[in-house]
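Novice: Below you will find the structure I want to go over with you.
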Amino acid sequence: VRQIWVCPKKILALRGSGSMERRKKQKKERKLTAAEQKRKEMFLEKKAALEAEGFEAHDLTISAVYANVMAVVLALPILLVLWAVFVWKNGHGSISSPMLLVVLVLFFLLIVVHEAIHGLFWSFFAKNKWKSISFGIMWNSLTPYCTCQEELTKGQYAIGGVMPCVLLGIVPAIAAIFLGSLPLFWVGALMILAAGGDLTILWKLFSSSDFKGEVRYLDHPYEAGLVIFERTFSKV
């Protein structure tokens, strides 16, 4: 699952078929919707099938609370660099109260677009296209999310994960620097912060690079993050 309000944390991948179950017990379970429960059942079936083929599951999910905190840690350096360039070229500028309201309204509207972009790029790589894409909301943390139910390559997963930050955050912020538009800059800045969870998951994905065997990447059906399945031997 790719979340809009989540962020980075590096943890060691848990080995063995029981590792995911132990982590789940450590997390506070939230009540799943009917759609999430259905996706969970499909995920568990696929997980069991992969484990029967000799794969081991490595849980790379993160909690919404941790993601929200770490979003600032990952996104803030990017924002500081962009803000420094904006001020160097255009000065600090100012923004009126009505325009600030417009920025906030745009931000909430773009949250929906953010999730749609995840789905759009992942659907390019999925065999079943949009049929493999689902959307939902974690009501306990008011966190919207998008998830892909098909296995993806590492690169495919990363592209779908980073594109909302690029298209809705970095590109508008850079455009604002050249246009001298402070409102546009803050729209981009807010969307970079909103992508903090995505950046966290991707950082975690690429920092867990000690997998040597056959690897498959599967988005978690209702939690923030993904599960990596690794097979270090061929089933006889």
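Residue numbering restarts at 1 for every chain of the structure tokens, chains are lettered A, B, ... in their displayed order, and ligands are numbered from 1 as they appear.
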With only C-alpha atoms as the counted atoms, please give the residues lying no more than 9 Å from stretch 159-166 of chain A, apart from itself and same-chain residues fewer than 5 positions off, as a PyMOL selection string.
Specialist: chain A and resi 2+113-123+154+171-172+188+191-196+198-199+201-202
Novice: Quick one: pull the distance between atom CA of A:Phe229 and atom CA of A:Asp210, Å, one decimal.
Specialist: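 Interatomic distance here is 12.5 Å.
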Novice: Restricting the calculation to only C-alpha atoms, which member of A:Gln37, A:Asn90, A:Ser63, A:Gln149 is positioned closest to A:Ser181?
Specialist: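 The answer is A:Asn90, which sits nearest to A:Ser181.
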